[in-house]
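Shown next: data_25.tsv, containing TSV, N, CA and C atoms and all ligand atoms.
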chain	number	residue	atom	x	y	z
A	1	MET	N	13.53	-2.02	0.18
A	1	MET	CA	12.67	-3.19	0.40
A	1	MET	C	13.47	-4.38	0.94
A	2	ILE	N	14.64	-4.61	0.36
A	2	ILE	CA	15.45	-5.75	0.78
A	2	ILE	C	16.26	-5.40	2.02
A	3	TYR	N	16.98	-4.28	2.00
A	3	TYR	CA	17.94	-3.98	3.06
A	3	TYR	C	17.33	-3.19	4.22
A	4	THR	N	16.44	-2.25	3.92
A	4	THR	CA	15.88	-1.42	4.99
A	4	THR	C	14.63	-2.05	5.59
A	5	ALA	N	13.67	-2.44	4.74
A	5	ALA	CA	12.43	-3.01	5.26
A	5	ALA	C	12.63	-4.46	5.69
A	6	LYS	N	13.61	-5.14	5.11
A	6	LYS	CA	13.84	-6.57	5.39
A	6	LYS	C	12.56	-7.38	5.15
A	7	PHE	N	11.95	-7.10	4.03
A	7	PHE	CA	10.74	-7.79	3.59
A	7	PHE	C	11.05	-9.27	3.42
A	8	TRP	N	10.12	-10.14	3.79
A	8	TRP	CA	10.39	-11.58	3.64
A	8	TRP	C	9.40	-12.21	2.64
A	9	PRO	N	9.80	-13.28	1.97
A	9	PRO	CA	8.92	-13.96	1.02
A	9	PRO	C	7.63	-14.41	1.70
A	10	GLY	N	6.50	-14.17	1.05
A	10	GLY	CA	5.22	-14.57	1.61
A	10	GLY	C	4.57	-13.49	2.46
A	11	ALA	N	5.26	-12.38	2.70
A	11	ALA	CA	4.69	-11.30	3.51
A	11	ALA	C	3.59	-10.57	2.72
A	12	ASN	N	2.68	-9.96	3.46
A	12	ASN	CA	1.62	-9.14	2.86
A	12	ASN	C	2.00	-7.66	2.98
A	13	ALA	N	1.73	-6.90	1.91
A	13	ALA	CA	2.08	-5.48	1.92
A	13	ALA	C	0.87	-4.62	1.60
A	14	ALA	N	0.75	-3.49	2.28
A	14	ALA	CA	-0.23	-2.47	1.94
A	14	ALA	C	0.54	-1.26	1.41
A	15	VAL	N	0.16	-0.78	0.23
A	15	VAL	CA	0.87	0.34	-0.40
A	15	VAL	C	-0.13	1.47	-0.62
A	16	PHE	N	0.05	2.57	0.10
A	16	PHE	CA	-0.83	3.73	-0.01
A	16	PHE	C	-0.24	4.70	-1.01
A	17	GLY	N	-0.99	4.97	-2.08
A	17	GLY	CA	-0.50	5.88	-3.12
A	17	GLY	C	0.14	5.09	-4.25
A	18	LEU	N	-0.48	5.12	-5.41
A	18	LEU	CA	0.00	4.32	-6.54
A	18	LEU	C	0.56	5.21	-7.64
A	19	GLY	N	1.34	6.22	-7.23
A	19	GLY	CA	2.09	7.02	-8.19
A	19	GLY	C	3.38	6.29	-8.53
A	20	GLY	N	4.34	7.02	-9.07
A	20	GLY	CA	5.60	6.40	-9.46
A	20	GLY	C	6.29	5.71	-8.30
A	21	ILE	N	6.26	6.33	-7.12
A	21	ILE	CA	6.95	5.74	-5.97
A	21	ILE	C	6.22	4.49	-5.49
A	22	GLY	N	4.90	4.56	-5.41
A	22	GLY	CA	4.12	3.39	-4.98
A	22	GLY	C	4.31	2.21	-5.93
A	23	LEU	N	4.38	2.49	-7.23
A	23	LEU	CA	4.59	1.40	-8.20
A	23	LEU	C	5.94	0.73	-7.97
A	24	ASN	N	6.94	1.52	-7.61
A	24	ASN	CA	8.25	0.93	-7.31
A	24	ASN	C	8.20	0.04	-6.08
A	25	VAL	N	7.39	0.44	-5.11
A	25	VAL	CA	7.25	-0.38	-3.90
A	25	VAL	C	6.57	-1.71	-4.26
A	26	ILE	N	5.54	-1.64	-5.10
A	26	ILE	CA	4.86	-2.88	-5.53
A	26	ILE	C	5.85	-3.79	-6.24
A	27	GLN	N	6.64	-3.20	-7.10
A	27	GLN	CA	7.63	-3.97	-7.84
A	27	GLN	C	8.62	-4.66	-6.88
A	28	GLY	N	9.07	-3.92	-5.88
A	28	GLY	CA	10.00	-4.49	-4.91
A	28	GLY	C	9.36	-5.60	-4.10
A	29	ALA	N	8.10	-5.40	-3.70
A	29	ALA	CA	7.40	-6.43	-2.93
A	29	ALA	C	7.25	-7.69	-3.77
A	30	ARG	N	6.93	-7.53	-5.03
A	30	ARG	CA	6.80	-8.70	-5.91
A	30	ARG	C	8.15	-9.40	-6.08
A	31	MET	N	9.20	-8.63	-6.26
A	31	MET	CA	10.54	-9.23	-6.40
A	31	MET	C	10.91	-10.05	-5.16
A	32	MET	N	10.43	-9.60	-3.99
A	32	MET	CA	10.75	-10.29	-2.74
A	32	MET	C	9.80	-11.45	-2.45
A	33	GLY	N	8.87	-11.72	-3.38
A	33	GLY	CA	7.98	-12.87	-3.20
A	33	GLY	C	6.80	-12.60	-2.30
A	34	ALA	N	6.27	-11.39	-2.37
A	34	ALA	CA	5.11	-11.04	-1.54
A	34	ALA	C	3.91	-11.94	-1.84
A	35	ASP	N	3.08	-12.12	-0.83
A	35	ASP	CA	1.81	-12.84	-1.04
A	35	ASP	C	0.80	-11.81	-1.54
A	36	LYS	N	0.11	-11.12	-0.63
A	36	LYS	CA	-0.85	-10.09	-1.05
A	36	LYS	C	-0.17	-8.73	-1.13
A	37	ILE	N	-0.47	-8.01	-2.19
A	37	ILE	CA	-0.02	-6.62	-2.31
A	37	ILE	C	-1.28	-5.79	-2.51
A	38	ILE	N	-1.64	-5.05	-1.47
A	38	ILE	CA	-2.89	-4.30	-1.47
A	38	ILE	C	-2.58	-2.83	-1.75
A	39	GLY	N	-3.06	-2.32	-2.87
A	39	GLY	CA	-2.87	-0.93	-3.22
A	39	GLY	C	-4.05	-0.10	-2.76
A	40	VAL	N	-3.77	1.11	-2.27
A	40	VAL	CA	-4.81	2.04	-1.81
A	40	VAL	C	-4.61	3.36	-2.52
A	41	ASP	N	-5.64	3.82	-3.24
A	41	ASP	CA	-5.52	5.12	-3.90
A	41	ASP	C	-6.92	5.71	-4.09
A	42	ILE	N	-6.99	7.03	-3.97
A	42	ILE	CA	-8.27	7.72	-4.16
A	42	ILE	C	-8.59	7.89	-5.65
A	43	ASN	N	-7.62	7.62	-6.50
A	43	ASN	CA	-7.82	7.76	-7.95
A	43	ASN	C	-7.99	6.38	-8.57
A	44	PRO	N	-9.22	6.02	-9.00
A	44	PRO	CA	-9.44	4.67	-9.52
A	44	PRO	C	-8.65	4.39	-10.79
A	45	ALA	N	-8.24	5.42	-11.49
A	45	ALA	CA	-7.49	5.23	-12.74
A	45	ALA	C	-6.10	4.63	-12.48
A	46	LYS	N	-5.66	4.66	-11.20
A	46	LYS	CA	-4.34	4.13	-10.87
A	46	LYS	C	-4.32	2.61	-10.76
A	47	GLN	N	-5.52	2.02	-10.71
A	47	GLN	CA	-5.59	0.57	-10.46
A	47	GLN	C	-4.98	-0.25	-11.61
A	48	ALA	N	-5.29	0.09	-12.85
A	48	ALA	CA	-4.88	-0.75	-13.99
A	48	ALA	C	-3.36	-0.86	-14.07
A	49	MET	N	-2.68	0.25	-13.99
A	49	MET	CA	-1.22	0.22	-14.08
A	49	MET	C	-0.63	-0.58	-12.92
A	50	ALA	N	-1.19	-0.37	-11.71
A	50	ALA	CA	-0.65	-1.08	-10.54
A	50	ALA	C	-0.84	-2.59	-10.69
A	51	ARG	N	-1.92	-3.00	-11.33
A	51	ARG	CA	-2.12	-4.45	-11.53
A	51	ARG	C	-1.07	-5.02	-12.47
A	52	THR	N	-0.61	-4.24	-13.44
A	52	THR	CA	0.44	-4.75	-14.33
A	52	THR	C	1.75	-4.95	-13.56
A	53	PHE	N	1.89	-4.26	-12.42
A	53	PHE	CA	3.07	-4.44	-11.56
A	53	PHE	C	2.83	-5.54	-10.53
A	54	ARG	N	1.68	-6.23	-10.66
A	54	ARG	CA	1.31	-7.38	-9.83
A	54	ARG	C	0.73	-7.01	-8.47
A	55	MET	N	0.09	-5.81	-8.35
A	55	MET	CA	-0.76	-5.56	-7.20
A	55	MET	C	-1.90	-6.59	-7.23
A	56	THR	N	-2.23	-7.16	-6.07
A	56	THR	CA	-3.26	-8.22	-6.06
A	56	THR	C	-4.64	-7.70	-5.67
A	57	HIS	N	-4.71	-6.64	-4.87
A	57	HIS	CA	-5.99	-6.11	-4.40
A	57	HIS	C	-5.94	-4.59	-4.46
A	58	PHE	N	-7.12	-3.98	-4.66
A	58	PHE	CA	-7.18	-2.51	-4.74
A	58	PHE	C	-8.29	-1.99	-3.84
A	59	ILE	N	-7.98	-0.95	-3.09
A	59	ILE	CA	-8.97	-0.29	-2.23
A	59	ILE	C	-9.00	1.18	-2.58
A	60	ASN	N	-10.20	1.69	-2.84
A	60	ASN	CA	-10.38	3.13	-3.08
A	60	ASN	C	-11.09	3.73	-1.86
A	61	PRO	N	-10.37	4.54	-1.06
A	61	PRO	CA	-10.98	5.13	0.15
A	61	PRO	C	-12.23	5.94	-0.16
A	62	ASN	N	-12.32	6.51	-1.34
A	62	ASN	CA	-13.50	7.30	-1.69
A	62	ASN	C	-14.73	6.43	-1.94
A	63	GLU	N	-14.51	5.15	-2.22
A	63	GLU	CA	-15.64	4.24	-2.45
A	63	GLU	C	-16.10	3.58	-1.16
A	64	ILE	N	-15.16	3.16	-0.31
A	64	ILE	CA	-15.57	2.44	0.90
A	64	ILE	C	-15.62	3.33	2.13
A	65	GLY	N	-15.04	4.55	2.03
A	65	GLY	CA	-14.96	5.45	3.18
A	65	GLY	C	-13.56	5.36	3.78
A	66	ALA	N	-12.93	6.50	3.98
A	66	ALA	CA	-11.55	6.52	4.49
A	66	ALA	C	-11.46	5.82	5.85
A	67	ASP	N	-12.54	5.88	6.63
A	67	ASP	CA	-12.51	5.27	7.96
A	67	ASP	C	-12.64	3.75	7.92
A	68	LYS	N	-12.85	3.20	6.73
A	68	LYS	CA	-13.00	1.74	6.59
A	68	LYS	C	-11.75	1.08	6.00
A	69	VAL	N	-10.77	1.89	5.64
A	69	VAL	CA	-9.59	1.35	4.94
A	69	VAL	C	-8.80	0.40	5.84
A	70	VAL	N	-8.58	0.80	7.08
A	70	VAL	CA	-7.78	-0.02	8.00
A	70	VAL	C	-8.45	-1.38	8.20
A	71	GLN	N	-9.77	-1.35	8.42
A	71	GLN	CA	-10.49	-2.62	8.64
A	71	GLN	C	-10.46	-3.50	7.39
A	72	ALA	N	-10.58	-2.88	6.22
A	72	ALA	CA	-10.56	-3.65	4.97
A	72	ALA	C	-9.22	-4.36	4.80
A	73	ILE	N	-8.12	-3.68	5.12
A	73	ILE	CA	-6.80	-4.30	4.99
A	73	ILE	C	-6.63	-5.38	6.06
A	74	THR	N	-7.11	-5.11	7.26
A	74	THR	CA	-7.02	-6.09	8.34
A	74	THR	C	-7.78	-7.37	7.96
A	75	ASP	N	-8.96	-7.21	7.35
A	75	ASP	CA	-9.75	-8.36	6.93
A	75	ASP	C	-9.06	-9.14	5.81
A	76	LEU	N	-8.55	-8.41	4.82
A	76	LEU	CA	-7.91	-9.06	3.67
A	76	LEU	C	-6.68	-9.86	4.07
A	77	THR	N	-5.99	-9.40	5.10
A	77	THR	CA	-4.72	-10.03	5.49
A	77	THR	C	-4.86	-10.94	6.71
A	78	GLY	N	-6.09	-11.07	7.22
A	78	GLY	CA	-6.27	-11.94	8.38
A	78	GLY	C	-5.56	-11.42	9.61
A	79	GLY	N	-5.68	-10.12	9.88
A	79	GLY	CA	-5.12	-9.56	11.11
A	79	GLY	C	-4.25	-8.34	10.92
A	80	GLY	N	-3.91	-8.03	9.69
A	80	GLY	CA	-3.10	-6.83	9.43
A	80	GLY	C	-1.94	-7.13	8.50
A	81	ALA	N	-1.50	-6.11	7.78
A	81	ALA	CA	-0.39	-6.27	6.84
A	81	ALA	C	0.92	-6.46	7.61
A	82	ASP	N	1.83	-7.20	7.01
A	82	ASP	CA	3.16	-7.34	7.61
A	82	ASP	C	3.97	-6.06	7.41
A	83	PHE	N	3.73	-5.41	6.28
A	83	PHE	CA	4.42	-4.15	5.96
A	83	PHE	C	3.42	-3.19	5.34
A	84	SER	N	3.54	-1.91	5.68
A	84	SER	CA	2.74	-0.90	4.98
A	84	SER	C	3.64	0.26	4.58
A	85	PHE	N	3.32	0.86	3.46
A	85	PHE	CA	4.16	1.91	2.89
A	85	PHE	C	3.26	3.08	2.52
A	86	ASP	N	3.52	4.25	3.09
A	86	ASP	CA	2.77	5.46	2.73
A	86	ASP	C	3.54	6.20	1.66
A	87	ARG	N	2.98	6.23	0.45
A	87	ARG	CA	3.63	6.90	-0.67
A	87	ARG	C	2.68	7.94	-1.27
A	88	THR	N	1.95	8.63	-0.36
A	88	THR	CA	0.99	9.63	-0.82
A	88	THR	C	1.46	11.05	-0.56
A	89	GLY	N	2.23	11.25	0.50
A	89	GLY	CA	2.56	12.60	0.92
A	89	GLY	C	1.47	13.23	1.74
A	90	ASN	N	0.51	12.40	2.23
A	90	ASN	CA	-0.63	12.89	3.01
A	90	ASN	C	-0.48	12.39	4.45
A	91	VAL	N	-0.38	13.32	5.40
A	91	VAL	CA	-0.11	12.95	6.80
A	91	VAL	C	-1.21	12.07	7.40
A	92	MET	N	-2.45	12.31	6.99
A	92	MET	CA	-3.55	11.49	7.51
A	92	MET	C	-3.39	10.02	7.10
A	93	VAL	N	-2.81	9.82	5.93
A	93	VAL	CA	-2.61	8.45	5.43
A	93	VAL	C	-1.54	7.73	6.24
A	94	THR	N	-0.57	8.47	6.76
A	94	THR	CA	0.48	7.85	7.56
A	94	THR	C	-0.12	7.12	8.76
A	95	ARG	N	-1.14	7.71	9.35
A	95	ARG	CA	-1.81	7.07	10.49
A	95	ARG	C	-2.49	5.76	10.07
A	96	GLN	N	-3.18	5.80	8.91
A	96	GLN	CA	-3.83	4.58	8.42
A	96	GLN	C	-2.78	3.50	8.14
A	97	ALA	N	-1.65	3.92	7.59
A	97	ALA	CA	-0.60	2.94	7.27
A	97	ALA	C	-0.09	2.27	8.54
A	98	LEU	N	0.00	3.01	9.63
A	98	LEU	CA	0.43	2.41	10.90
A	98	LEU	C	-0.64	1.48	11.45
A	99	GLU	N	-1.88	1.94	11.40
A	99	GLU	CA	-2.95	1.18	12.04
A	99	GLU	C	-3.32	-0.10	11.31
A	100	CYS	N	-2.99	-0.20	10.02
A	100	CYS	CA	-3.38	-1.41	9.26
A	100	CYS	C	-2.35	-2.52	9.40
A	101	CYS	N	-1.27	-2.27	10.14
A	101	CYS	CA	-0.24	-3.30	10.28
A	101	CYS	C	-0.64	-4.31	11.34
A	102	HIS	N	-0.16	-5.53	11.16
A	102	HIS	CA	-0.45	-6.61	12.09
A	102	HIS	C	0.13	-6.28	13.46
A	103	ARG	N	-0.70	-6.44	14.49
A	103	ARG	CA	-0.22	-6.20	15.85
A	103	ARG	C	0.83	-7.25	16.19
A	104	GLY	N	1.99	-6.81	16.60
A	104	GLY	CA	3.04	-7.76	16.98
A	104	GLY	C	4.14	-7.87	15.94
A	105	ARG	N	3.76	-8.15	14.68
A	105	ARG	CA	4.84	-8.34	13.71
A	105	ARG	C	4.84	-7.32	12.58
A	106	GLY	N	3.78	-6.54	12.43
A	106	GLY	CA	3.69	-5.61	11.30
A	106	GLY	C	4.52	-4.37	11.53
A	201	LIG	N1	8.72	11.03	-7.44
A	201	LIG	C1	9.87	11.27	-6.80
A	201	LIG	O1	10.96	11.24	-7.39
A	201	LIG	C2	9.87	11.54	-5.32
A	201	LIG	C3	11.09	11.66	-4.65
A	201	LIG	C4	11.08	11.87	-3.27
A	201	LIG	C5	9.88	11.97	-2.58
A	201	LIG	N2	8.70	11.87	-3.26
A	201	LIG	C6	7.47	11.95	-2.50
A	201	LIG	O2	6.86	10.65	-2.48
A	201	LIG	C7	5.45	10.80	-2.52
A	201	LIG	C8	4.90	10.05	-3.73
A	201	LIG	O3	5.54	10.49	-4.91
A	201	LIG	P1	4.92	10.15	-6.35
A	201	LIG	O4	5.84	10.76	-7.35
A	201	LIG	O5	4.61	8.70	-6.44
A	201	LIG	O6	3.57	11.03	-6.28
A	201	LIG	P2	2.23	10.94	-7.15
A	201	LIG	O7	1.53	12.23	-6.94
A	201	LIG	O8	2.51	10.46	-8.53
A	201	LIG	O9	1.40	9.77	-6.43
A	201	LIG	C9	0.74	9.96	-5.21
A	201	LIG	C10	-0.50	9.07	-5.23
A	201	LIG	O10	-1.14	9.17	-3.97
A	201	LIG	C11	-2.53	9.17	-4.18
A	201	LIG	N3	-3.19	9.75	-3.00
A	201	LIG	C12	-3.24	11.06	-2.62
A	201	LIG	N4	-3.93	11.20	-1.48
A	201	LIG	C13	-4.31	9.93	-1.13
A	201	LIG	C14	-5.07	9.42	-0.04
A	201	LIG	N5	-5.57	10.22	0.91
A	201	LIG	N6	-5.27	8.08	0.03
A	201	LIG	C15	-4.77	7.26	-0.93
A	201	LIG	N7	-4.06	7.70	-2.00
A	201	LIG	C16	-3.84	9.03	-2.08
A	201	LIG	C17	-2.73	9.99	-5.46
A	201	LIG	O11	-3.96	9.72	-6.09
A	201	LIG	C18	-1.53	9.49	-6.30
A	201	LIG	O12	-1.86	8.39	-7.11
A	201	LIG	C19	5.16	12.31	-2.57
A	201	LIG	O13	4.96	12.78	-1.26
A	201	LIG	C20	6.45	12.87	-3.12
A	201	LIG	O14	6.65	14.21	-2.71
A	201	LIG	C21	8.68	11.63	-4.60
What is this structure when it is put down as structure tokens?
Amino acid sequence: MIYTAKFWPGANAAVFGLGGIGLNVIQGARMMGADKIIGVDINPAKQAMARTFRMTHFINPNEIGADKVVQAITDLTGGGADFSFDRTGNVMVTRQALECCHRGRG
């Protein structure tokens, strides 16, 4: 998060997959002074734990539709996330993680 992603204070992050690895990403984003940390998971039971790690927003693709996830993140961040992290192990999610990033700086 600090050395490889070069995350900056105030940046917005989208984190796909709220398992052990995703929770570590949330923790790192919070340590770096993130503004919005948007968690995405198909399992609603993952939301509570992620909020204790200071996730600020939660999106469940099964509730809003997988094809609406990118737009939801774009709307929440006013143009796209500065950083997105795919921690699901699902190749289809990798595409969403790319597409939800801010054009130009994400
Ligand atoms: N845990 C490790 O030590 C470790 C080490 C190296 C690599 N990895 C890899 O990192 C990835 C994440 O590891 P983990 O241990 O956190 O796994 P995990 O299974 O605990 O968490 C994955 C999360 O992704 C969610 N998910 C699955 N499909 C999704 C989708 N389409 N959209 C949104 N969310 C979805 C699941 O509900 C789950 O909460 C895996 O691919 C794993 O192989 C893990």
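Residues lying within 8 Å of region 60-64 of chain A, counting all atoms listed in the file and ignoring same-chain neighbours fewer than 3 positions away, are Gly39, Val40, Asp41, Ile42, Asn43, Pro44, His57, Asp67, Lys68 and Val69 of chain A.
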Generate the output file for the selected residues, N, CA and C atoms, as a PDB file, in the coordinates of the input.
ATOM      1  N   GLY A  39      -3.060  -2.320  -2.870  1.00  0.00           N
ATOM      2  CA  GLY A  39      -2.870  -0.930  -3.220  1.00  0.00           C
ATOM      3  C   GLY A  39      -4.050  -0.100  -2.760  1.00  0.00           C
ATOM      4  N   VAL A  40      -3.770   1.110  -2.270  1.00  0.00           N
ATOM      5  CA  VAL A  40      -4.810   2.040  -1.810  1.00  0.00           C
ATOM      6  C   VAL A  40      -4.610   3.360  -2.520  1.00  0.00           C
ATOM      7  N   ASP A  41      -5.640   3.820  -3.240  1.00  0.00           N
ATOM      8  CA  ASP A  41      -5.520   5.120  -3.900  1.00  0.00           C
ATOM      9  C   ASP A  41      -6.920   5.710  -4.090  1.00  0.00           C
ATOM     10  N   ILE A  42      -6.990   7.030  -3.970  1.00  0.00           N
ATOM     11  CA  ILE A  42      -8.270   7.720  -4.160  1.00  0.00           C
ATOM     12  C   ILE A  42      -8.590   7.890  -5.650  1.00  0.00           C
ATOM     13  N   ASN A  43      -7.620   7.620  -6.500  1.00  0.00           N
ATOM     14  CA  ASN A  43      -7.820   7.760  -7.950  1.00  0.00           C
ATOM     15  C   ASN A  43      -7.990   6.380  -8.570  1.00  0.00           C
ATOM     16  N   PRO A  44      -9.220   6.020  -9.000  1.00  0.00           N
ATOM     17  CA  PRO A  44      -9.440   4.670  -9.520  1.00  0.00           C
ATOM     18  C   PRO A  44      -8.650   4.390 -10.790  1.00  0.00           C
ATOM     19  N   HIS A  57      -4.710  -6.640  -4.870  1.00  0.00           N
ATOM     20  CA  HIS A  57      -5.990  -6.110  -4.400  1.00  0.00           C
ATOM     21  C   HIS A  57      -5.940  -4.590  -4.460  1.00  0.00           C
ATOM     22  N   ASP A  67     -12.540   5.880   6.630  1.00  0.00           N
ATOM     23  CA  ASP A  67     -12.510   5.270   7.960  1.00  0.00           C
ATOM     24  C   ASP A  67     -12.640   3.750   7.920  1.00  0.00           C
ATOM     25  N   LYS A  68     -12.850   3.200   6.730  1.00  0.00           N
ATOM     26  CA  LYS A  68     -13.000   1.740   6.590  1.00  0.00           C
ATOM     27  C   LYS A  68     -11.750   1.080   6.000  1.00  0.00           C
ATOM     28  N   VAL A  69     -10.770   1.890   5.640  1.00  0.00           N
ATOM     29  CA  VAL A  69      -9.590   1.350   4.940  1.00  0.00           C
ATOM     30  C   VAL A  69      -8.800   0.400   5.840  1.00  0.00           C
TER      31      VAL A  69
END
key: Expected answer as a ChimeraX atom specification: residues within 12 Å of ligand LIG 201 (chain A), only C-alpha atoms and all ligand atoms   = /A:14-26,38-50,58-70,85-97
query = Hey, can you pull every residue with an atom no more than 6.5 Å from (-4.7, -6.1, 15.6), using all atoms listed in the file, and send it as a list of chain:residue names?
reply =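 Looking at atoms near the point gives A:Gly79, A:Gly80, A:Cys101, A:His102, A:Arg103.
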Please dump the current selection as an mmCIF file, keeping the file's coordinate frame; keep N, CA and C atoms.
data_model
loop_
_atom_site.group_PDB
_atom_site.id
_atom_site.type_symbol
_atom_site.label_atom_id
_atom_site.label_comp_id
_atom_site.auth_asym_id
_atom_site.auth_seq_id
_atom_site.Cartn_x
_atom_site.Cartn_y
_atom_site.Cartn_z
ATOM 1 N N GLY A 79 -5.680 -10.120 9.880
ATOM 2 C CA GLY A 79 -5.120 -9.560 11.110
ATOM 3 C C GLY A 79 -4.250 -8.340 10.920
ATOM 4 N N GLY A 80 -3.910 -8.030 9.690
ATOM 5 C CA GLY A 80 -3.100 -6.830 9.430
ATOM 6 C C GLY A 80 -1.940 -7.130 8.500
ATOM 7 N N CYS A 101 -1.270 -2.270 10.140
ATOM 8 C CA CYS A 101 -0.240 -3.300 10.280
ATOM 9 C C CYS A 101 -0.640 -4.310 11.340
ATOM 10 N N HIS A 102 -0.160 -5.530 11.160
ATOM 11 C CA HIS A 102 -0.450 -6.610 12.090
ATOM 12 C C HIS A 102 0.130 -6.280 13.460
ATOM 13 N N ARG A 103 -0.700 -6.440 14.490
ATOM 14 C CA ARG A 103 -0.220 -6.200 15.850
ATOM 15 C C ARG A 103 0.830 -7.250 16.190
#
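With only N, CA and C atoms as the basis for measurement, A:Thr56 is the residue among A:Thr56, A:Phe7, A:Ile73, A:Phe83 that approaches Ile37 (chain A) most closely.
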message = One decimal, in Å: what's the spacing between CA of Lys6 (chain A) and CA of Thr74 (chain A)?
response =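 Calculated distance between CA of Lys6 (chain A) and CA of Thr74 (chain A) is 21.1 Å.
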note = In terms of only N, CA and C atoms, the residue from A:Met32, A:Gln27, A:Thr4, A:Gly78 at minimal distance from Arg54 (chain A) is A:Gln27
query = How many Å lie between atom C of Leu98 (chain A) and atom N of Thr52 (chain A), rounded to one decimal?
reply = 25.5 Å
key: In chain A, DSSP helix (DSSP H, G or I) residues written as a VMD selection string   = chain A and resid 20 to 31 46 to 52 61 to 64 66 to 77 91 to 99
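Distances from A:Ala13, A:Leu76, A:Met55, A:Ala81 to Ala34 (chain A) were compared using all atoms listed in the file, and the smallest one belongs to A:Ala13.
When CA of Ala72 (chain A) is paired with CA of Met1 (chain A), their separation reads 23.7 Å.
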task = Run DSSP on the backbone of this structure and report the residues of chain A it assigns to strand (DSSP E or B), as a list in words.
result =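 Of chain A, the ones in strand (DSSP E or B) are Ala13, Ala14, Val15, Phe16, Ile37, Ile38, Gly39, Val40, His57, Phe58, Ile59, Ala81, Phe83, Ser84, Phe85, Asp86 and Cys101 of chain A.
Residue nearest Gly10 (chain A) within the list A:Asp35, A:Arg51, A:Gly28, A:Gln71: A:Asp35 [criterion: smallest interatomic distance, only N, CA and C atoms].
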